[in-house]
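*Asks:* Pasting entry_38.pdb below, which is PDB, C-alpha atoms, pLDDT in the B column.
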MODEL        1
ATOM      1  CA  MET Z 215     -71.265 -11.641-142.694  1.00 64.00           C
ATOM      2  CA  ASN Z 216     -72.360 -13.955-139.939  1.00 83.00           C
ATOM      3  CA  TYR Z 217     -70.502 -14.559-136.716  1.00 91.00           C
ATOM      4  CA  GLU Z 218     -71.495 -16.979-133.990  1.00 89.00           C
ATOM      5  CA  ARG Z 219     -70.207 -14.612-131.312  1.00 93.00           C
ATOM      6  CA  VAL Z 220     -69.991 -10.817-131.314  1.00 95.00           C
ATOM      7  CA  GLY Z 221     -68.463  -8.744-128.542  1.00 95.00           C
ATOM      8  CA  ALA Z 222     -68.331  -4.962-128.185  1.00 95.00           C
ATOM      9  CA  PHE Z 223     -66.085  -3.383-125.586  1.00 93.00           C
ATOM     10  CA  GLY Z 224     -64.704  -0.045-124.519  1.00 88.00           C
ATOM     11  CA  LEU Z 225     -63.270   1.767-121.533  1.00 83.00           C
ATOM     12  CA  MET Z 226     -64.667   4.810-119.782  1.00 81.00           C
ATOM     13  CA  PHE Z 227     -66.712   6.888-122.274  1.00 82.00           C
ATOM     14  CA  SER Z 228     -66.307   4.260-125.011  1.00 87.00           C
ATOM     15  CA  GLU Z 229     -68.025   1.779-122.732  1.00 88.00           C
ATOM     16  CA  THR Z 230     -71.239   3.751-123.209  1.00 90.00           C
ATOM     17  CA  ALA Z 231     -71.009   3.332-126.991  1.00 90.00           C
ATOM     18  CA  ALA Z 232     -70.619  -0.448-126.604  1.00 92.00           C
ATOM     19  CA  LEU Z 233     -73.650  -0.632-124.308  1.00 93.00           C
ATOM     20  CA  ASP Z 234     -75.693   1.568-126.646  1.00 94.00           C
ATOM     21  CA  LEU Z 235     -74.854  -0.689-129.607  1.00 94.00           C
ATOM     22  CA  GLN Z 236     -75.842  -3.757-127.589  1.00 94.00           C
ATOM     23  CA  ILE Z 237     -79.209  -2.236-126.673  1.00 94.00           C
ATOM     24  CA  LYS Z 238     -80.005  -1.050-130.197  1.00 95.00           C
ATOM     25  CA  LEU Z 239     -79.116  -4.400-131.760  1.00 93.00           C
ATOM     26  CA  SER Z 240     -81.226  -6.258-129.202  1.00 94.00           C
ATOM     27  CA  TYR Z 241     -84.309  -4.413-130.487  1.00 94.00           C
ATOM     28  CA  ASN Z 242     -83.746  -6.347-133.739  1.00 90.00           C
ATOM     29  CA  LYS Z 243     -83.098  -9.635-131.916  1.00 91.00           C
ATOM     30  CA  LYS Z 244     -79.357  -9.418-132.623  1.00 92.00           C
ATOM     31  CA  ILE Z 245     -77.608 -10.343-129.400  1.00 91.00           C
ATOM     32  CA  ILE Z 246     -74.023  -9.292-128.725  1.00 94.00           C
ATOM     33  CA  VAL Z 247     -71.870  -9.540-125.612  1.00 92.00           C
ATOM     34  CA  THR Z 248     -70.526  -6.587-123.697  1.00 92.00           C
ATOM     35  CA  ASN Z 249     -69.093  -6.621-120.205  1.00 88.00           C
ATOM     36  CA  LEU Z 250     -68.314  -3.783-117.856  1.00 86.00           C
ATOM     37  CA  ASN Z 251     -65.920  -5.970-115.900  1.00 87.00           C
ATOM     38  CA  ASP Z 252     -62.484  -5.731-117.540  1.00 85.00           C
ATOM     39  CA  MET Z 253     -61.550  -9.268-116.438  1.00 91.00           C
ATOM     40  CA  LYS Z 254     -64.613 -10.657-118.256  1.00 92.00           C
ATOM     41  CA  GLN Z 255     -63.701  -8.578-121.312  1.00 90.00           C
ATOM     42  CA  GLU Z 256     -60.197 -10.050-121.335  1.00 92.00           C
ATOM     43  CA  LYS Z 257     -61.543 -13.591-120.966  1.00 94.00           C
ATOM     44  CA  PHE Z 258     -63.981 -13.118-123.873  1.00 94.00           C
ATOM     45  CA  ILE Z 259     -61.198 -11.724-126.071  1.00 93.00           C
ATOM     46  CA  GLU Z 260     -58.779 -14.514-125.127  1.00 95.00           C
ATOM     47  CA  GLU Z 261     -61.395 -17.146-126.013  1.00 95.00           C
ATOM     48  CA  ALA Z 262     -62.255 -15.478-129.346  1.00 95.00           C
ATOM     49  CA  GLY Z 263     -61.839 -17.646-132.408  1.00 94.00           C
ATOM     50  CA  GLU Z 264     -62.473 -17.207-136.108  1.00 93.00           C
ATOM     51  CA  ASP Z 265     -66.210 -17.336-135.405  1.00 94.00           C
ATOM     52  CA  THR Z 266     -65.991 -14.214-133.198  1.00 96.00           C
ATOM     53  CA  LEU Z 267     -66.286 -10.569-134.221  1.00 95.00           C
ATOM     54  CA  LEU Z 268     -64.726  -8.109-131.772  1.00 96.00           C
ATOM     55  CA  ILE Z 269     -65.751  -4.456-131.841  1.00 94.00           C
ATOM     56  CA  ILE Z 270     -63.458  -2.285-129.738  1.00 92.00           C
ATOM     57  CA  PHE Z 271     -64.452   1.313-129.059  1.00 91.00           C
ATOM     58  CA  SER Z 272     -61.763   3.792-128.009  1.00 87.00           C
ATOM     59  CA  ASP Z 273     -61.983   7.410-126.885  1.00 78.00           C
ATOM     60  CA  PRO Z 274     -59.375   8.720-129.360  1.00 74.00           C
ATOM     61  CA  GLY Z 275     -60.825   6.618-132.204  1.00 65.00           C
ATOM     62  CA  TYR Z 276     -57.811   4.420-133.007  1.00 65.00           C
TER      63      TYR Z 276
ENDMDL
END
Go through the file and emit its structure as structure tokens.

*Replies:*
Amino acid sequence: MNYERVGAFGLMFSETAALDLQIKLSYNKKIIVTNLNDMKQEKFIEEAGEDTLLIIFSDPGY
């Protein structure tokens, strides 16, 4: 599927997984958004529409 906007986020250790995904996808010219600042994360999520894919990483996996 195609999405205009893709964001990947996580807290603490999950944040590393989001950053790793961003870096690996950028090697293939696939750009996604990830922010370390939790206020910027919230803003991105609040502005998400049907054209946005959100990937949320969590430490416990749920």

*Asks:* Name the closest residue to Z:Val220 among the candidates Z:Ile246, Z:Leu233, Z:Ile259, Z:Met253; distances are taken between atoms, counting all atoms listed in the file.

*Replies:*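 Of the candidates, the smallest distance to Z:Val220 is held by Z:Ile246.
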
*Asks:* Quick one: which residues end up in the PyMOL selection byres ((chain Z and resi 263) around 12) for this structure, as a list in words?

*Replies:*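 In the shown coordinates, the PyMOL selection byres ((chain Z and resi 263) around 12) covers Tyr217, Glu218, Arg219, Val220, Gly221, Phe258, Ile259, Glu260, Glu261, Ala262, Glu264, Asp265, Thr266, Leu267 and Leu268 of chain Z.
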
*Asks:* Any chance you can output those residues with C-alpha atoms as an mmCIF file, in the coordinates of the input?

*Replies:*
data_model
loop_
_atom_site.group_PDB
_atom_site.id
_atom_site.type_symbol
_atom_site.label_atom_id
_atom_site.label_comp_id
_atom_site.auth_asym_id
_atom_site.auth_seq_id
_atom_site.Cartn_x
_atom_site.Cartn_y
_atom_site.Cartn_z
ATOM 1 C CA TYR Z 217 -70.502 -14.559 -136.716
ATOM 2 C CA GLU Z 218 -71.495 -16.979 -133.990
ATOM 3 C CA ARG Z 219 -70.207 -14.612 -131.312
ATOM 4 C CA VAL Z 220 -69.991 -10.817 -131.314
ATOM 5 C CA GLY Z 221 -68.463 -8.744 -128.542
ATOM 6 C CA PHE Z 258 -63.981 -13.118 -123.873
ATOM 7 C CA ILE Z 259 -61.198 -11.724 -126.071
ATOM 8 C CA GLU Z 260 -58.779 -14.514 -125.127
ATOM 9 C CA GLU Z 261 -61.395 -17.146 -126.013
ATOM 10 C CA ALA Z 262 -62.255 -15.478 -129.346
ATOM 11 C CA GLU Z 264 -62.473 -17.207 -136.108
ATOM 12 C CA ASP Z 265 -66.210 -17.336 -135.405
ATOM 13 C CA THR Z 266 -65.991 -14.214 -133.198
ATOM 14 C CA LEU Z 267 -66.286 -10.569 -134.221
ATOM 15 C CA LEU Z 268 -64.726 -8.109 -131.772
#

*Asks:* Taking 6 positions as the minimum chain separation for residues in the same chain, which residues sit within 9 Å of Z:Ala222 when counting only C-alpha atoms? Answer as a PyMOL selection string.

*Replies:* chain Z and resi 229+231-233+235-236+246-249+267-271

*Asks:* Between atom CA of Z:Glu256 and atom CA of Z:Asn242, what distance in Å does the model show, to one decimal?

*Replies:*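 Going from atom CA of Z:Glu256 over to atom CA of Z:Asn242 covers 26.9 Å.
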
*Asks:* Got a sec: who's within 10 Å of Z:Asp252, counting only C-alpha atoms, leaving out chain neighbours fewer than 5 positions off, as an NGL selection string?

*Replies:* :Z and (223-225 or 257-258)

*Asks:* Quote the spacing between atom CA of Z:Met226 and atom CA of Z:Pro274 in Å to one decimal place.

*Replies:* 11.6 Å
